[in-house]
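Peer 1: This is the content of work22.cif (mmCIF, C-alpha atoms):
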data_structure
#
loop_
_atom_site.group_PDB
_atom_site.id
_atom_site.type_symbol
_atom_site.label_atom_id
_atom_site.label_comp_id
_atom_site.auth_asym_id
_atom_site.auth_seq_id
_atom_site.Cartn_x
_atom_site.Cartn_y
_atom_site.Cartn_z
ATOM 1 C CA MET A 1 0.000 0.000 0.000
ATOM 2 C CA THR A 2 1.517 3.316 -1.044
ATOM 3 C CA PRO A 3 1.259 6.290 1.330
ATOM 4 C CA PRO A 4 -1.239 9.083 0.623
ATOM 5 C CA PHE A 5 -0.015 12.216 -1.075
ATOM 6 C CA PRO A 6 0.043 14.709 0.435
ATOM 7 C CA PRO A 7 0.523 13.090 3.864
ATOM 8 C CA SER A 8 -2.598 13.138 5.989
ATOM 9 C CA GLY A 9 -2.605 15.353 9.076
ATOM 10 C CA SER A 10 -0.467 18.116 7.602
ATOM 11 C CA ARG A 11 -1.582 20.945 5.328
ATOM 12 C CA PHE A 12 0.441 22.178 2.381
ATOM 13 C CA PHE A 13 0.188 25.298 0.232
ATOM 14 C CA LEU A 14 2.251 26.099 -2.831
ATOM 15 C CA LEU A 15 3.404 29.591 -3.739
ATOM 16 C CA ARG A 16 4.753 30.010 -7.246
ATOM 17 C CA HIS A 17 7.421 32.699 -7.425
ATOM 18 C CA GLY A 18 6.454 36.087 -8.844
ATOM 19 C CA GLN A 19 7.356 37.339 -12.299
ATOM 20 C CA SER A 20 11.107 37.004 -12.770
ATOM 21 C CA GLU A 21 13.682 38.547 -15.059
ATOM 22 C CA ALA A 22 13.799 35.202 -16.871
ATOM 23 C CA ASN A 23 10.053 35.432 -17.498
ATOM 24 C CA VAL A 24 10.434 38.904 -18.971
ATOM 25 C CA GLN A 25 13.422 37.877 -21.094
ATOM 26 C CA ARG A 26 11.525 34.753 -22.193
ATOM 27 C CA LEU A 27 14.326 32.442 -21.135
ATOM 28 C CA ILE A 28 14.408 28.993 -19.556
ATOM 29 C CA VAL A 29 16.612 29.343 -16.475
ATOM 30 C CA SER A 30 16.594 26.242 -14.307
ATOM 31 C CA GLY A 31 20.223 25.463 -13.485
ATOM 32 C CA LEU A 32 21.529 26.134 -10.005
ATOM 33 C CA GLU A 33 24.655 27.859 -11.300
ATOM 34 C CA ALA A 34 22.767 30.658 -13.052
ATOM 35 C CA ALA A 35 19.454 30.747 -11.220
ATOM 36 C CA THR A 36 20.720 30.907 -7.633
ATOM 37 C CA LYS A 37 22.659 34.105 -8.386
ATOM 38 C CA SER A 38 20.696 35.854 -11.137
ATOM 39 C CA TYR A 39 17.252 36.220 -12.717
ATOM 40 C CA GLY A 40 15.474 37.381 -9.597
ATOM 41 C CA LEU A 41 12.089 39.068 -9.321
ATOM 42 C CA THR A 42 10.964 42.097 -11.259
ATOM 43 C CA ALA A 43 9.136 44.919 -9.484
ATOM 44 C CA THR A 44 5.906 43.422 -10.832
ATOM 45 C CA GLY A 45 6.872 40.028 -9.451
ATOM 46 C CA LYS A 46 7.480 41.454 -5.991
ATOM 47 C CA ASP A 47 4.077 43.139 -6.032
ATOM 48 C CA GLN A 48 2.398 39.905 -7.194
ATOM 49 C CA VAL A 49 3.795 37.927 -4.286
ATOM 50 C CA ARG A 50 3.139 40.562 -1.646
ATOM 51 C CA ARG A 51 -0.463 41.032 -2.790
ATOM 52 C CA SER A 52 -1.094 37.290 -2.975
ATOM 53 C CA VAL A 53 0.296 36.565 0.492
ATOM 54 C CA ILE A 54 -1.566 39.477 2.092
ATOM 55 C CA GLU A 55 -4.848 38.380 0.490
ATOM 56 C CA ALA A 56 -4.305 34.754 1.565
ATOM 57 C CA ARG A 57 -3.659 35.809 5.153
ATOM 58 C CA GLN A 58 -6.542 38.297 5.329
ATOM 59 C CA SER A 59 -9.005 35.806 3.836
ATOM 60 C CA GLY A 60 -7.989 33.127 6.335
ATOM 61 C CA ILE A 61 -6.559 30.778 3.710
ATOM 62 C CA LEU A 62 -3.182 30.870 5.449
ATOM 63 C CA PRO A 63 -3.309 30.320 9.220
ATOM 64 C CA THR A 64 -1.360 32.385 11.724
ATOM 65 C CA LYS A 65 1.025 29.551 12.485
ATOM 66 C CA LEU A 66 2.794 27.950 9.550
ATOM 67 C CA HIS A 67 6.217 26.976 8.252
ATOM 68 C CA LEU A 68 7.819 28.539 5.171
ATOM 69 C CA VAL A 69 10.148 26.557 2.895
ATOM 70 C CA SER A 70 11.649 27.708 -0.399
ATOM 71 C CA SER A 71 13.509 26.561 -3.465
ATOM 72 C CA PRO A 72 17.130 27.787 -3.502
ATOM 73 C CA LEU A 73 16.703 29.641 -6.817
ATOM 74 C CA LEU A 74 16.904 33.424 -6.488
ATOM 75 C CA ARG A 75 13.414 34.180 -7.809
ATOM 76 C CA ALA A 76 11.888 31.761 -5.303
ATOM 77 C CA ARG A 77 14.061 32.933 -2.406
ATOM 78 C CA GLU A 78 13.079 36.539 -3.057
ATOM 79 C CA SER A 79 9.414 35.534 -3.200
ATOM 80 C CA ALA A 80 9.694 33.572 0.031
ATOM 81 C CA SER A 81 11.503 36.465 1.694
ATOM 82 C CA ILE A 82 8.525 38.713 0.900
ATOM 83 C CA ALA A 83 6.189 36.088 2.351
ATOM 84 C CA SER A 84 8.409 35.848 5.412
ATOM 85 C CA ASP A 85 8.196 39.599 5.984
ATOM 86 C CA VAL A 86 4.426 39.736 5.472
ATOM 87 C CA LEU A 87 3.691 36.732 7.670
ATOM 88 C CA GLY A 88 6.356 37.361 10.302
ATOM 89 C CA ILE A 89 7.792 33.859 10.077
ATOM 90 C CA THR A 90 11.236 32.410 9.427
ATOM 91 C CA LEU A 91 12.274 30.905 6.115
ATOM 92 C CA ARG A 92 14.302 27.852 5.306
ATOM 93 C CA ILE A 93 15.649 26.547 2.000
ATOM 94 C CA ASP A 94 15.236 23.043 0.632
ATOM 95 C CA PRO A 95 16.750 22.030 -2.727
ATOM 96 C CA ARG A 96 13.919 19.575 -3.360
ATOM 97 C CA LEU A 97 11.732 22.558 -4.302
ATOM 98 C CA ARG A 98 14.133 23.666 -7.053
ATOM 99 C CA GLU A 99 12.972 24.207 -10.628
ATOM 100 C CA ARG A 100 12.623 21.288 -13.009
ATOM 101 C CA GLY A 101 15.905 20.612 -14.775
ATOM 102 C CA PHE A 102 15.591 21.496 -18.467
ATOM 103 C CA GLY A 103 18.814 19.923 -19.697
ATOM 104 C CA THR A 104 20.117 21.207 -23.019
ATOM 105 C CA LEU A 105 17.213 23.669 -23.211
ATOM 106 C CA GLU A 106 18.775 25.716 -20.404
ATOM 107 C CA LEU A 107 19.074 29.424 -21.321
ATOM 108 C CA THR A 108 17.108 28.932 -24.540
ATOM 109 C CA SER A 109 13.794 30.537 -25.513
ATOM 110 C CA ASP A 110 10.817 29.759 -23.292
ATOM 111 C CA GLU A 111 9.014 28.659 -26.448
ATOM 112 C CA ASN A 112 10.729 25.330 -25.754
ATOM 113 C CA TYR A 113 8.522 24.796 -22.709
ATOM 114 C CA GLU A 114 5.744 23.778 -25.089
ATOM 115 C CA ARG A 115 7.983 21.147 -26.671
ATOM 116 C CA VAL A 116 8.619 19.648 -23.250
ATOM 117 C CA TRP A 117 4.957 19.757 -22.230
ATOM 118 C CA THR A 118 3.891 18.140 -25.488
ATOM 119 C CA ALA A 119 6.352 15.338 -24.791
ATOM 120 C CA ASP A 120 5.025 15.114 -21.211
ATOM 121 C CA ARG A 121 1.519 14.513 -22.547
ATOM 122 C CA GLU A 122 2.791 11.665 -24.698
ATOM 123 C CA ASP A 123 5.091 10.160 -22.070
ATOM 124 C CA PRO A 124 5.412 11.816 -18.627
ATOM 125 C CA ALA A 125 8.490 9.674 -17.908
ATOM 126 C CA HIS A 126 10.459 11.059 -20.873
ATOM 127 C CA VAL A 127 13.875 12.673 -20.499
ATOM 128 C CA LYS A 128 14.184 14.228 -23.958
ATOM 129 C CA TRP A 129 16.798 17.002 -24.193
ATOM 130 C CA GLY A 130 18.078 15.844 -20.810
ATOM 131 C CA VAL A 131 14.950 17.229 -19.137
ATOM 132 C CA GLU A 132 14.048 15.993 -15.670
ATOM 133 C CA SER A 133 11.062 13.655 -15.854
ATOM 134 C CA THR A 134 7.802 14.396 -14.073
ATOM 135 C CA SER A 135 8.246 11.218 -12.024
ATOM 136 C CA SER A 136 11.627 12.480 -10.812
ATOM 137 C CA ILE A 137 10.040 15.760 -9.740
ATOM 138 C CA LEU A 138 7.301 13.916 -7.879
ATOM 139 C CA SER A 139 9.828 11.643 -6.168
ATOM 140 C CA ARG A 140 11.806 14.511 -4.638
ATOM 141 C CA VAL A 141 8.745 16.556 -3.732
ATOM 142 C CA SER A 142 6.930 13.648 -2.097
ATOM 143 C CA GLU A 143 10.082 12.898 -0.098
ATOM 144 C CA LEU A 144 10.102 16.490 1.154
ATOM 145 C CA PHE A 145 6.408 16.364 2.045
ATOM 146 C CA ALA A 146 6.913 13.160 4.001
ATOM 147 C CA ASP A 147 9.898 14.615 5.877
ATOM 148 C CA LEU A 148 7.974 17.771 6.770
ATOM 149 C CA ALA A 149 4.965 15.775 7.930
ATOM 150 C CA ARG A 150 7.158 13.631 10.179
ATOM 151 C CA THR A 151 8.748 16.734 11.695
ATOM 152 C CA GLU A 152 5.417 18.502 12.285
ATOM 153 C CA PRO A 153 2.596 15.930 11.941
ATOM 154 C CA ASN A 154 -0.207 18.496 12.171
ATOM 155 C CA GLY A 155 1.710 21.440 10.768
ATOM 156 C CA THR A 156 0.859 23.810 7.933
ATOM 157 C CA PHE A 157 3.498 24.514 5.320
ATOM 158 C CA LEU A 158 3.840 27.191 2.636
ATOM 159 C CA LEU A 159 6.246 25.978 -0.040
ATOM 160 C CA CYS A 160 7.704 28.456 -2.526
ATOM 161 C CA THR A 161 8.569 26.762 -5.788
ATOM 162 C CA HIS A 162 8.332 26.838 -9.602
ATOM 163 C CA GLY A 163 5.828 26.219 -12.378
ATOM 164 C CA ASP A 164 6.381 22.596 -13.340
ATOM 165 C CA VAL A 165 7.186 21.501 -9.797
ATOM 166 C CA ALA A 166 3.893 23.014 -8.652
ATOM 167 C CA SER A 167 1.853 21.563 -11.513
ATOM 168 C CA VAL A 168 3.267 18.045 -11.060
ATOM 169 C CA THR A 169 2.643 18.227 -7.297
ATOM 170 C CA LEU A 170 -0.949 19.408 -7.652
ATOM 171 C CA CYS A 171 -1.672 16.847 -10.364
ATOM 172 C CA ALA A 172 -0.308 13.970 -8.279
ATOM 173 C CA ALA A 173 -2.227 15.086 -5.196
ATOM 174 C CA GLN A 174 -5.472 14.852 -7.169
ATOM 175 C CA GLY A 175 -4.639 11.373 -8.395
ATOM 176 C CA VAL A 176 -4.509 12.496 -12.038
ATOM 177 C CA ALA A 177 -2.016 11.085 -14.552
ATOM 178 C CA LEU A 178 1.142 13.203 -14.655
ATOM 179 C CA SER A 179 0.729 13.540 -18.410
ATOM 180 C CA ARG A 180 -1.957 16.118 -17.563
ATOM 181 C CA HIS A 181 0.055 18.190 -15.114
ATOM 182 C CA ARG A 182 -0.077 21.383 -17.164
ATOM 183 C CA ASP A 183 -3.852 21.085 -17.573
ATOM 184 C CA VAL A 184 -4.542 20.344 -13.904
ATOM 185 C CA GLY A 185 -1.943 22.185 -11.834
ATOM 186 C CA SER A 186 -0.669 25.221 -13.722
ATOM 187 C CA LEU A 187 -0.147 28.242 -11.416
ATOM 188 C CA ASP A 188 0.206 31.909 -12.307
ATOM 189 C CA ASN A 189 3.142 33.929 -11.033
ATOM 190 C CA GLY A 190 2.622 34.685 -7.355
ATOM 191 C CA GLU A 191 -0.390 32.380 -7.039
ATOM 192 C CA ILE A 192 -1.015 30.396 -3.858
ATOM 193 C CA ARG A 193 -2.934 27.134 -3.971
ATOM 194 C CA GLY A 194 -3.596 24.407 -1.435
ATOM 195 C CA VAL A 195 -2.415 20.869 -2.129
ATOM 196 C CA THR A 196 -5.611 18.891 -1.682
ATOM 197 C CA ALA A 197 -5.769 15.139 -1.973
ATOM 198 C CA GLY A 198 -8.243 13.762 -4.479
ATOM 199 C CA SER A 199 -9.566 10.315 -5.219
ATOM 200 C CA GLY A 200 -6.760 7.835 -5.607
ATOM 201 C CA ALA A 201 -4.051 10.331 -4.663
ATOM 202 C CA THR A 202 -1.358 7.870 -3.664
ATOM 203 C CA ILE A 203 2.286 7.529 -4.589
#
Using structure tokens, write down the structure that the file contains.
Peer 2:
Amino acid sequence: MTPPFPPSGSRFFLLRHGQSEANVQRLIVSGLEAATKSYGLTATGKDQVRRSVIEARQSGILPTKLHLVSSPLLRARESASIASDVLGITLRIDPRLRERGFGTLELTSDENYERVWTADREDPAHVKWGVESTSSILSRVSELFADLARTEPNGTFLLCTHGDVASVTLCAAQGVALSRHRDVGSLDNGEIRGVTAGSGATI
């Protein structure tokens, strides 16, 4: 019997980073070497995150007590730092929330995202162009979720991450085939969404 995903007892929310310089330049920037030092948030991106976090807190979506974890990439760290300031909580970094690896498509036009997503729909386990497979993303994210749930069994977590990592996570939580991750779990820049288990959501 495989464990439920997300783990029962804990609550998880995803925050996709705000608009980044890579978004504006229409570049794929996923590698740690470039993305941990450069391609941070634009002024618009900072406003997106701040507004989203404030609205989520004021509406009661985010509770007063929660834990904040971020991808190590600059655009995510800057987004999480804004959330940290708004919510008055500490931030920690976990590499398992990093962007999907895009292999030889790194630093190429973001038009190549569609090539990857088309291949995902045909075979979500593919590694064309050296791209990280959706199953690999799910493996590292589910490991993180399990570790967090063990540390704080009834805790609430806000996880700052990236587009494909978020869409794969949300798709898996709903028990939908990973080939549909872009249809089911796509987040806008700065958007916050709860990770809610659906029928058959096991890993």
Peer 1: Select, from A:Arg50, A:Arg26, A:His126, A:His67, the residue with the minimum atom-to-atom distance to Asn154 in chain A, counting all atoms listed in the file.
Peer 2: A:His67
Peer 1: For this file, the PyMOL selection byres ((chain A and resi 69) around 7) selects which residues, as a ChimeraX atom specification?
Peer 2: /A:67-68,70,91-94,158-160
Peer 1: Given the PyMOL selection byres ((chain A and resi 31-35) around 10) and the file above, list the residues it selects as JSON, numbers by chain.
Peer 2: {"A": [22, 28, 29, 30, 36, 37, 38, 39, 40, 72, 73, 74, 75, 76, 95, 98, 99, 100, 101, 102, 103, 106, 107]}
Peer 1: Rounded to one decimal, what separation in Å do you get between CA of Asp85 in chain A and CA of Asp147 in chain A?
Peer 2: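 So the answer is 25.0 Å.
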Peer 1: Between CA of Phe145 in chain A and CA of His181 in chain A, what is the distance, to one decimal in Å?
Peer 2: 18.4 Å
Peer 1: Considering all atoms listed in the file, return as a PyMOL selection string whatever protein or nucleic-acid residues lie within 9 Å of range 11-20 of chain A, sequence-local ones (same chain, fewer than 4 positions apart) excluded.
Peer 2: chain A and resi 6-7+24-25+39-49+52-53+62+75-80+145+149+154-163+166+170+187-196
Peer 1: Just how far from CA of Ser167 in chain A is CA of Asn23 in chain A, in Å to one decimal?
Peer 2: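 Result for CA of Asn23 in chain A versus CA of Ser167 in chain A: 17.2 Å, one decimal.
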